[in-house]
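Student: I am sharing target36.tsv, which consists of TSV, C-alpha atoms:
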```
chain	number	residue	atom	x	y	z
K	1	MET	CA	15.49	21.00	52.17
K	2	LYS	CA	14.34	17.47	52.76
K	3	ILE	CA	12.38	16.64	55.86
K	4	TYR	CA	10.53	13.52	56.96
K	5	ILE	CA	7.04	13.47	58.40
K	6	ASN	CA	6.06	10.12	59.89
K	7	GLY	CA	8.75	8.54	57.75
K	8	ASN	CA	7.61	10.10	54.46
K	9	ALA	CA	10.06	12.42	52.72
K	10	PHE	CA	9.03	15.94	51.73
K	11	GLU	CA	11.14	18.26	49.62
K	12	LEU	CA	10.73	21.87	50.66
K	13	PRO	CA	11.96	24.95	48.77
K	14	ASN	CA	14.21	27.69	50.15
K	15	ALA	CA	16.79	25.46	51.69
K	16	SER	CA	18.78	28.40	52.91
K	17	VAL	CA	15.90	29.90	54.92
K	18	PRO	CA	15.25	28.33	58.29
K	19	SER	CA	11.71	27.01	58.49
K	20	SER	CA	9.72	26.84	61.67
K	21	ILE	CA	7.59	23.81	62.46
K	22	ASP	CA	4.33	25.65	61.88
K	23	LYS	CA	5.53	26.75	58.43
K	24	VAL	CA	6.57	23.23	57.54
K	25	LEU	CA	3.18	21.87	58.58
K	26	THR	CA	1.43	24.54	56.54
K	27	LYS	CA	3.44	23.50	53.50
K	28	THR	CA	2.98	19.77	53.89
K	29	LEU	CA	-0.49	19.25	55.38
K	30	SER	CA	-3.94	20.33	54.29
K	31	LEU	CA	-5.86	22.71	56.52
K	32	SER	CA	-8.09	19.94	57.84
K	33	GLN	CA	-5.05	17.79	58.60
K	34	GLN	CA	-3.40	20.67	60.45
K	35	GLN	CA	-6.52	21.07	62.57
K	36	GLN	CA	-6.50	17.47	63.74
K	37	SER	CA	-5.62	16.50	67.30
K	38	PHE	CA	-2.01	15.42	67.28
K	39	ALA	CA	1.16	15.85	69.26
K	40	LEU	CA	4.54	16.38	67.66
K	41	ALA	CA	8.13	15.30	68.14
K	42	LEU	CA	11.13	16.70	66.27
K	43	ASN	CA	13.90	14.12	65.97
K	44	GLY	CA	12.30	12.22	68.83
K	45	ASP	CA	11.92	15.16	71.20
K	46	PHE	CA	8.52	16.55	72.12
K	47	VAL	CA	7.72	20.04	70.86
K	48	GLY	CA	4.68	21.76	72.33
K	49	ARG	CA	2.22	23.58	70.09
K	50	ALA	CA	3.18	26.92	71.55
K	51	ASP	CA	6.73	26.33	70.36
K	52	TYR	CA	5.95	25.45	66.73
K	53	PRO	CA	6.59	29.03	65.50
K	54	ILE	CA	9.92	29.32	67.28
K	55	THR	CA	11.31	25.84	66.63
K	56	HIS	CA	13.24	25.55	63.41
K	57	VAL	CA	13.61	22.52	61.20
K	58	SER	CA	16.82	21.63	59.42
K	59	ASP	CA	17.65	19.48	56.44
K	60	ASN	CA	16.94	15.76	57.03
K	61	ASP	CA	15.08	16.42	60.26
K	62	SER	CA	12.36	14.01	61.22
K	63	ILE	CA	8.93	15.10	62.44
K	64	ASP	CA	6.61	12.61	64.07
K	65	LEU	CA	2.92	13.38	64.34
K	66	LEU	CA	1.18	11.17	66.87
K	67	PHE	CA	-2.55	10.64	67.05
K	68	PRO	CA	-4.80	9.10	69.71
K	69	ILE	CA	-5.46	5.39	69.41
K	70	VAL	CA	-6.93	2.72	71.62
K	71	GLY	CA	-4.58	1.25	74.21
K	72	GLY	CA	-4.33	-1.12	77.10
N	1	MET	CA	-14.70	1.25	99.07
N	2	SER	CA	-12.99	3.85	96.89
N	3	LEU	CA	-9.69	3.98	95.03
N	4	SER	CA	-7.33	6.93	95.27
N	5	ILE	CA	-5.01	7.81	92.41
N	6	TYR	CA	-2.77	10.69	93.41
N	7	GLY	CA	-5.60	12.05	95.52
N	8	GLN	CA	-8.32	11.55	92.92
N	9	VAL	CA	-11.00	9.40	94.53
N	10	LEU	CA	-12.71	6.88	92.26
N	11	ASN	CA	-15.72	4.69	92.92
N	12	SER	CA	-14.44	1.74	90.89
N	13	ARG	CA	-11.30	-0.29	91.52
N	14	LEU	CA	-11.24	-1.56	87.96
N	15	LEU	CA	-9.16	0.25	85.35
N	16	ILE	CA	-9.89	-0.82	81.81
N	17	GLY	CA	-8.15	-0.72	78.45
N	18	SER	CA	-9.77	0.44	75.22
N	19	ALA	CA	-7.95	-1.87	72.77
N	20	LEU	CA	-8.75	-5.16	71.05
N	21	TYR	CA	-12.54	-4.85	71.00
N	22	SER	CA	-14.39	-6.09	67.96
N	23	SER	CA	-15.94	-2.65	67.45
N	24	PRO	CA	-16.14	0.75	69.15
N	25	ALA	CA	-19.72	-0.05	70.15
N	26	VAL	CA	-18.66	-3.22	71.97
N	27	MET	CA	-15.85	-1.28	73.64
N	28	LYS	CA	-18.33	1.29	74.87
N	29	GLN	CA	-20.73	-1.35	76.20
N	30	ALA	CA	-17.90	-3.11	78.02
N	31	ILE	CA	-16.53	0.06	79.58
N	32	LEU	CA	-19.97	1.12	80.76
N	33	ALA	CA	-20.75	-2.37	82.09
N	34	SER	CA	-17.45	-2.43	84.00
N	35	GLY	CA	-18.28	0.75	85.87
N	36	SER	CA	-14.62	1.69	85.47
N	37	GLN	CA	-13.74	5.35	85.75
N	38	VAL	CA	-10.26	5.04	84.26
N	39	VAL	CA	-9.77	4.10	80.62
N	40	THR	CA	-6.36	3.67	79.05
N	41	LEU	CA	-5.46	4.82	75.56
N	42	SER	CA	-2.34	5.64	73.61
N	43	LEU	CA	-0.66	7.67	70.90
N	44	LYS	CA	0.68	6.33	67.64
N	45	ARG	CA	2.22	7.60	64.47
N	46	GLN	CA	-0.45	7.53	61.78
N	47	ASN	CA	-0.96	8.90	58.33
N	48	PRO	CA	-2.64	12.31	58.87
N	49	LEU	CA	-4.87	11.48	55.90
N	50	ALA	CA	-6.52	8.66	57.84
N	51	GLN	CA	-8.03	10.97	60.45
N	52	SER	CA	-9.12	7.95	62.46
N	53	GLY	CA	-7.41	8.95	65.70
N	54	ALA	CA	-9.64	11.89	66.40
N	55	LYS	CA	-12.77	9.79	65.92
N	56	ILE	CA	-11.80	7.04	68.34
N	57	TRP	CA	-10.55	9.58	70.85
N	58	ARG	CA	-13.85	11.46	70.79
N	59	TYR	CA	-15.68	8.15	71.17
N	60	ILE	CA	-13.57	7.13	74.18
N	61	GLN	CA	-13.94	10.60	75.69
N	62	ALA	CA	-17.73	10.42	75.43
N	63	THR	CA	-17.77	6.95	76.97
N	64	VAL	CA	-15.50	7.94	79.84
N	65	LYS	CA	-17.64	10.99	80.50
N	66	GLN	CA	-20.70	8.77	80.95
N	67	ASN	CA	-18.93	7.02	83.85
N	68	GLN	CA	-17.60	10.39	85.13
N	69	GLY	CA	-14.16	8.97	84.57
N	70	PHE	CA	-10.66	9.86	83.45
N	71	LEU	CA	-8.29	9.06	80.62
N	72	LEU	CA	-5.04	7.29	81.40
N	73	PRO	CA	-2.61	7.55	78.47
N	74	ASN	CA	0.14	4.97	78.26
N	75	THR	CA	3.63	4.90	76.78
N	76	ALA	CA	3.18	1.54	75.08
N	77	GLY	CA	5.90	0.64	72.61
N	78	CYS	CA	8.63	2.73	74.22
N	79	LYS	CA	11.91	0.92	74.70
N	80	ASN	CA	13.93	3.45	76.64
N	81	ALA	CA	13.48	6.34	79.04
N	82	LYS	CA	14.00	9.02	76.38
N	83	GLU	CA	11.20	7.67	74.20
N	84	ALA	CA	8.87	7.25	77.15
N	85	ILE	CA	9.52	10.76	78.45
N	86	SER	CA	8.88	12.28	75.04
N	87	LEU	CA	5.68	10.29	74.56
N	88	ALA	CA	4.48	11.20	78.05
N	89	LYS	CA	4.90	14.89	77.26
N	90	MET	CA	3.03	14.45	73.99
N	91	SER	CA	0.22	12.68	75.83
N	92	ARG	CA	0.01	15.41	78.43
N	93	GLU	CA	-0.41	18.07	75.79
N	94	LEU	CA	-2.95	16.16	73.74
N	95	PHE	CA	-5.03	14.50	76.46
N	96	GLN	CA	-4.72	17.35	78.95
N	97	THR	CA	-3.80	15.09	81.85
N	98	ASP	CA	-0.67	14.65	83.91
N	99	TRP	CA	-1.50	11.02	84.59
N	100	ILE	CA	0.72	8.62	82.67
N	101	LYS	CA	0.79	4.83	82.65
N	102	LEU	CA	4.52	4.49	82.21
N	103	GLU	CA	5.58	1.50	80.17
N	104	VAL	CA	9.17	0.94	79.08
N	105	ILE	CA	9.55	-2.44	77.46
N	106	GLY	CA	12.86	-4.23	77.81
N	107	ASP	CA	12.17	-7.46	75.99
N	108	ASP	CA	10.22	-7.87	72.77
N	109	TYR	CA	9.36	-11.51	73.38
N	110	ASN	CA	7.51	-11.30	76.69
N	111	LEU	CA	7.11	-7.51	76.78
N	112	GLN	CA	8.82	-7.42	80.15
N	113	PRO	CA	9.37	-3.92	81.52
N	114	ASP	CA	12.93	-2.60	81.60
N	115	PRO	CA	13.42	-1.75	85.29
N	116	ILE	CA	16.44	0.50	84.79
N	117	GLU	CA	14.94	2.65	82.07
N	118	LEU	CA	11.66	2.69	83.99
N	119	LEU	CA	13.35	4.20	87.04
N	120	ILE	CA	15.13	6.82	84.93
N	121	ALA	CA	11.91	7.85	83.19
N	122	THR	CA	9.93	7.83	86.43
N	123	GLU	CA	12.36	10.14	88.19
N	124	GLN	CA	12.35	12.69	85.37
N	125	LEU	CA	8.60	12.63	84.80
N	126	LEU	CA	7.83	13.03	88.50
N	127	ALA	CA	10.22	16.00	88.56
N	128	GLU	CA	8.29	17.51	85.67
N	129	GLY	CA	4.98	17.25	87.48
N	130	PHE	CA	3.60	14.04	86.04
N	131	LYS	CA	1.57	11.66	88.16
N	132	VAL	CA	3.32	8.47	87.19
N	133	LEU	CA	1.64	5.07	87.28
N	134	PRO	CA	4.59	2.79	86.49
N	135	TYR	CA	4.03	-0.63	84.99
N	136	CYS	CA	6.67	-2.97	86.39
N	137	THR	CA	7.42	-6.58	87.16
N	138	ASP	CA	6.57	-8.19	90.49
N	139	ASP	CA	10.02	-7.36	91.83
N	140	LEU	CA	9.91	-6.04	95.37
N	141	VAL	CA	13.10	-3.99	95.08
N	142	ILE	CA	11.97	-2.24	91.91
N	143	CYS	CA	8.66	-1.41	93.56
N	144	GLN	CA	10.52	-0.06	96.59
N	145	ARG	CA	12.69	2.12	94.34
N	146	LEU	CA	9.63	3.47	92.57
N	147	TYR	CA	8.08	4.25	95.94
N	148	GLU	CA	11.24	6.02	97.08
N	149	LEU	CA	11.21	8.15	93.93
N	150	GLY	CA	7.76	9.36	94.91
N	151	CYS	CA	5.29	7.16	93.06
N	152	GLN	CA	1.98	7.07	94.90
N	153	VAL	CA	0.72	4.34	92.58
N	154	ILE	CA	2.69	1.27	91.49
N	155	MET	CA	1.44	-1.32	89.00
N	156	PRO	CA	3.25	-4.67	89.08
N	157	TRP	CA	2.30	-7.25	86.50
N	158	ALA	CA	0.46	-10.45	87.22
N	159	SER	CA	2.13	-12.06	84.19
N	160	PRO	CA	3.20	-10.88	80.71
N	161	ILE	CA	0.81	-8.65	78.81
N	162	GLY	CA	-1.95	-10.47	77.01
N	163	THR	CA	-1.10	-13.95	78.27
N	164	GLY	CA	-4.08	-14.40	80.57
N	165	LYS	CA	-1.91	-16.55	82.81
N	166	GLY	CA	-3.05	-14.83	85.97
N	167	LEU	CA	-0.82	-14.35	89.01
N	168	MET	CA	2.50	-16.05	88.21
N	169	ASN	CA	4.10	-15.22	91.55
N	170	PRO	CA	1.53	-14.75	94.30
N	171	TYR	CA	4.30	-14.76	96.91
N	172	ASN	CA	6.04	-11.82	95.24
N	173	LEU	CA	2.82	-9.85	94.94
N	174	ALA	CA	1.86	-10.53	98.54
N	175	SER	CA	5.33	-9.40	99.64
N	176	ILE	CA	4.99	-6.14	97.72
N	177	ARG	CA	1.62	-5.52	99.38
N	178	GLN	CA	3.02	-6.29	102.80
N	179	ARG	CA	6.16	-4.15	102.41
N	180	LEU	CA	4.49	-1.16	100.77
N	181	PRO	CA	1.34	-0.81	102.85
N	182	ASP	CA	0.78	2.87	102.07
N	183	THR	CA	1.15	2.71	98.29
N	184	THR	CA	-1.76	2.33	95.93
N	185	LEU	CA	-1.03	-1.01	94.28
N	186	ILE	CA	-2.78	-1.89	91.05
N	187	LEU	CA	-2.26	-5.28	89.45
N	188	ASP	CA	-1.67	-4.72	85.76
N	189	ALA	CA	-1.36	-7.15	82.86
N	190	GLY	CA	-1.65	-10.89	82.44
N	191	ILE	CA	-5.00	-11.26	84.13
N	192	GLY	CA	-7.14	-13.89	82.44
N	193	LYS	CA	-10.14	-14.57	84.62
N	194	PRO	CA	-12.24	-12.71	87.17
N	195	SER	CA	-10.91	-15.09	89.81
N	196	ASP	CA	-7.40	-13.70	89.15
N	197	ALA	CA	-8.65	-10.22	89.93
N	198	CYS	CA	-10.45	-11.51	93.00
N	199	ILE	CA	-7.26	-13.13	94.32
N	200	ALA	CA	-5.36	-9.86	93.90
N	201	MET	CA	-8.02	-7.97	95.81
N	202	GLU	CA	-8.07	-10.64	98.54
N	203	MET	CA	-4.33	-9.96	98.91
N	204	GLY	CA	-5.08	-6.33	99.58
N	205	PHE	CA	-4.33	-4.83	96.20
N	206	ASP	CA	-6.13	-1.56	95.63
N	207	GLY	CA	-7.22	-2.16	92.07
N	208	VAL	CA	-6.80	-4.07	88.85
N	209	LEU	CA	-6.02	-2.85	85.34
N	210	LEU	CA	-6.84	-5.12	82.44
N	211	ASN	CA	-7.83	-5.14	78.81
N	212	SER	CA	-7.50	-8.45	76.93
N	213	ALA	CA	-9.48	-10.53	79.41
N	214	ILE	CA	-12.55	-8.41	78.76
N	215	ALA	CA	-12.00	-7.44	75.13
N	216	LEU	CA	-11.27	-11.00	73.98
N	217	ALA	CA	-14.17	-12.62	75.85
N	218	ASP	CA	-17.04	-13.96	73.79
N	219	ASN	CA	-19.27	-11.41	75.50
N	220	PRO	CA	-17.13	-8.46	76.63
N	221	PRO	CA	-19.87	-6.49	78.44
N	222	LEU	CA	-20.83	-9.57	80.45
N	223	MET	CA	-17.19	-10.30	81.25
N	224	ALA	CA	-16.76	-6.67	82.32
N	225	LYS	CA	-19.57	-7.14	84.81
N	226	ALA	CA	-18.00	-10.40	85.99
N	227	PHE	CA	-14.72	-8.60	86.69
N	228	ALA	CA	-16.46	-5.78	88.53
N	229	THR	CA	-18.25	-8.33	90.72
N	230	ALA	CA	-15.08	-10.34	91.34
N	231	ILE	CA	-13.14	-7.22	92.34
N	232	SER	CA	-15.89	-6.22	94.71
N	233	ALA	CA	-15.96	-9.73	96.23
N	234	GLY	CA	-12.17	-9.77	96.67
N	235	GLU	CA	-12.19	-6.36	98.29
N	236	SER	CA	-14.91	-7.40	100.73
N	237	ALA	CA	-12.99	-10.57	101.56
N	238	TYR	CA	-9.83	-8.58	102.29
N	239	ILE	CA	-11.72	-6.21	104.56
N	240	ALA	CA	-13.54	-9.11	106.24
N	241	GLY	CA	-10.23	-10.90	106.89
N	242	THR	CA	-9.66	-14.39	105.58
N	243	MET	CA	-9.10	-17.31	107.94
N	244	PRO	CA	-5.56	-18.58	108.43
N	245	GLU	CA	-4.57	-21.53	106.26
N	246	ARG	CA	-3.90	-24.72	108.26
N	247	GLN	CA	-2.00	-27.89	107.48
N	248	THR	CA	-4.38	-30.29	109.25
N	249	ALA	CA	-8.11	-30.89	109.24
N	250	HIS	CA	-10.26	-29.30	111.90
N	251	ALA	CA	-13.86	-30.44	112.25
N	252	SER	CA	-16.26	-27.62	111.69
N	253	THR	CA	-19.13	-29.40	113.41
N	254	PRO	CA	-18.70	-29.34	117.21
N	255	THR	CA	-17.59	-32.77	118.52
N	256	LEU	CA	-18.67	-32.20	122.11
N	257	ASP	CA	-21.75	-34.30	122.96
N	258	SER	CA	-21.43	-36.42	119.85
N	259	PRO	CA	-23.98	-39.26	119.59
N	260	PHE	CA	-23.09	-42.57	121.28
N	261	TRP	CA	-22.08	-44.41	118.10
N	262	HIS	CA	-18.96	-42.30	117.89
N	263	HIS	CA	-17.78	-43.47	121.29
N	264	PRO	CA	-14.97	-46.04	121.21
N	265	GLU	CA	-16.83	-48.58	123.38
N	266	HIS	CA	-19.56	-48.89	120.75
N	267	THR	CA	-17.25	-49.47	117.83
```
Kindly present the structure from the file in structure tokens form.

Tutor:
Amino acid sequence: MKIYINGNAFELPNASVPSSIDKVLTKTLSLSQQQQSFALALNGDFVGRADYPITHVSDNDSIDLLFPIVGG
Amino acid sequence: MSLSIYGQVLNSRLLIGSALYSSPAVMKQAILASGSQVVTLSLKRQNPLAQSGAKIWRYIQATVKQNQGFLLPNTAGCKNAKEAISLAKMSRELFQTDWIKLEVIGDDYNLQPDPIELLIATEQLLAEGFKVLPYCTDDLVICQRLYELGCQVIMPWASPIGTGKGLMNPYNLASIRQRLPDTTLILDAGIGKPSDACIAMEMGFDGVLLNSAIALADNPPLMAKAFATAISAGESAYIAGTMPERQTAHASTPTLDSPFWHHPEHT
């Protein structure tokens, strides 16, 4: 299964098994990266942290991780 | 002498951005010098390896705390209601606030807000419990629609973001103030000089939100103080009541009992 995180492609095994967002993050990010402050969107729609375990990712889905930055 | 944002009373009428400073230290000095209790920030897609977001956020948080203030996340960069709604929800989760400076940009050249998408996003976010601070143009009808949707705060622009052109349409802004007397009106974007902020406050605006004019000054902390002083002066002038403008000259020195050389028979 291929998914995109912030535009970068990741190839994940077990294409037939649905993967939840928290499992995808565990497979693609280091522990310190997972512990950072970020908010997440799946295919452009916000997904709250509480829903990571119950939200499944499909082939070619796009995950956006957004981090705080300065702003006006 | 206080500003109310959805019932939250603030001592300062200046809202300040956190971008464009030459360094985090200068940003902190400017925010503290401004006395502002509301600091804007944003969310962006970054490489998780960079880990820079958390650092700047902690820095802004610490600075805001010193002024006993609040974070105001924005939806900068969003071009339609769907994007803005999604980003607002992400901001609420991350920054733990239901305040949102709602920006939906309709034109890439002058960064003019898209009024239609703005209204759509505003309606949905209000329904979902957000306290929406919409950034809009100086269009009276759009401001009225935002008010009718339930916005307690409306933020018309002075001029396009980052131009420093000041108040392009004082008539429009004065009309909005006059027609929406019960709404908290904050002038947002395009302010270049402290005198611009002062003029807005003299009109009866409730506050001013700006970033570039302070961040791009040669001495941002000093400019922050200048803005705070100008806003205070404008507010006092509004409360004091300015004199009516007149078309003809009126002598300010009393003419009664003028000396003899002003009498026609001596000329």

Student: Excluding Phe38 (chain K) and its own-chain neighbours fewer than 4 positions away, which residues fall within 7 Å of it when counting all atoms listed in the file? Please give them as number ranges by chain.

Tutor: K: 65-67; N: 94

Student: Write out as a list of chain:residue names every residue belonging to chain K that has an atom at most 8 Å from any atom of chain N, counting only C-alpha atoms.

Tutor: K:Asn6, K:Gln33, K:Gln36, K:Ser37, K:Phe38, K:Ala39, K:Leu40, K:Ala41, K:Gly44, K:Asp45, K:Phe46, K:Val47, K:Gly48, K:Asp64, K:Leu65, K:Leu66, K:Phe67, K:Pro68, K:Ile69, K:Val70, K:Gly71, K:Gly72

Student: For the residues in that selection, give me C-alpha atoms as a PDB file, keeping the file's coordinate frame.

Tutor:
```pdb
ATOM      1  CA  ASN K   6       6.060  10.120  59.890  1.00  0.00           C
ATOM      2  CA  GLN K  33      -5.050  17.790  58.600  1.00  0.00           C
ATOM      3  CA  GLN K  36      -6.500  17.470  63.740  1.00  0.00           C
ATOM      4  CA  SER K  37      -5.620  16.500  67.300  1.00  0.00           C
ATOM      5  CA  PHE K  38      -2.010  15.420  67.280  1.00  0.00           C
ATOM      6  CA  ALA K  39       1.160  15.850  69.260  1.00  0.00           C
ATOM      7  CA  LEU K  40       4.540  16.380  67.660  1.00  0.00           C
ATOM      8  CA  ALA K  41       8.130  15.300  68.140  1.00  0.00           C
ATOM      9  CA  GLY K  44      12.300  12.220  68.830  1.00  0.00           C
ATOM     10  CA  ASP K  45      11.920  15.160  71.200  1.00  0.00           C
ATOM     11  CA  PHE K  46       8.520  16.550  72.120  1.00  0.00           C
ATOM     12  CA  VAL K  47       7.720  20.040  70.860  1.00  0.00           C
ATOM     13  CA  GLY K  48       4.680  21.760  72.330  1.00  0.00           C
ATOM     14  CA  ASP K  64       6.610  12.610  64.070  1.00  0.00           C
ATOM     15  CA  LEU K  65       2.920  13.380  64.340  1.00  0.00           C
ATOM     16  CA  LEU K  66       1.180  11.170  66.870  1.00  0.00           C
ATOM     17  CA  PHE K  67      -2.550  10.640  67.050  1.00  0.00           C
ATOM     18  CA  PRO K  68      -4.800   9.100  69.710  1.00  0.00           C
ATOM     19  CA  ILE K  69      -5.460   5.390  69.410  1.00  0.00           C
ATOM     20  CA  VAL K  70      -6.930   2.720  71.620  1.00  0.00           C
ATOM     21  CA  GLY K  71      -4.580   1.250  74.210  1.00  0.00           C
ATOM     22  CA  GLY K  72      -4.330  -1.120  77.100  1.00  0.00           C
TER      23      GLY K  72
END
```

Student: Give the answer as one residue: which of N:Ala84, N:Leu119, N:Leu102, N:Cys136 has the shortest atom-to-atom distance to Glu148 (chain N), using all atoms listed in the file?

Tutor: N:Leu119

Student: Considering all atoms listed in the file, return as a ChimeraX atom specification whatever protein or nucleic-acid residues lie within 9 Å of region 18-26 of chain K, sequence-local ones (same chain, fewer than 5 positions apart) excluded.

Tutor: /K:3,12,31,34,42,49,51-58,63

Student: Applying 12 Å and all atoms listed in the file, which residues near Tyr171 (chain N) remain after dropping the ones on its own chain fewer than 2 positions away? List them as a list of chain:residue names.

Tutor: N:Asp138, N:Asp139, N:Leu140, N:Ala158, N:Leu167, N:Met168, N:Asn169, N:Leu173, N:Ala174, N:Ser175, N:Ile176, N:Arg177, N:Gln178, N:Ile199, N:Ala200, N:Met203

Student: Excluding same-chain residues fewer than 6 positions from region 127-129 of chain N, what lies within 10 Å of it counting only C-alpha atoms, as a JSON list (two decimals) with C-alpha atoms, in the coordinates of the input?

Tutor:
```json
[["chain", "number", "residue", "atom", "x", "y", "z"],
["N", 85, "ILE", "CA", 9.52, 10.76, 78.45],
["N", 89, "LYS", "CA", 4.90, 14.89, 77.26],
["N", 98, "ASP", "CA", -0.67, 14.65, 83.91],
["N", 99, "TRP", "CA", -1.50, 11.02, 84.59],
["N", 121, "ALA", "CA", 11.91, 7.85, 83.19],
["N", 149, "LEU", "CA", 11.21, 8.15, 93.93],
["N", 150, "GLY", "CA", 7.76, 9.36, 94.91]]
```

Student: At a cut-off of 12 Å, using all atoms listed in the file, what residues contact region 235-241 of chain N? Leave out same-chain residues fewer than 4 positions from it and give the result as a PyMOL selection string.

Tutor: chain N and resi 1-3+12-14+197-208+228-231

Student: Work out how far apart CA of Arg179 (chain N) and CA of Thr137 (chain N) are and give it in Å to one decimal.

Tutor: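 Separating CA of Arg179 (chain N) from CA of Thr137 (chain N) is a distance of 15.5 Å.
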
Student: Which is closest to Met155 (chain N) among N:Glu245, N:Glu103, N:Asp218, N:Asp257, if we use all atoms listed in the file?

Tutor: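 Selected residue with least distance to Met155 (chain N): N:Glu103.
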
Student: For CA of Ala62 (chain N) and CA of Ala50 (chain K), determine how far apart the two atoms are, in Å to one decimal place.

Tutor: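 Atom-to-atom, CA of Ala62 (chain N) to CA of Ala50 (chain K), that is 26.9 Å.
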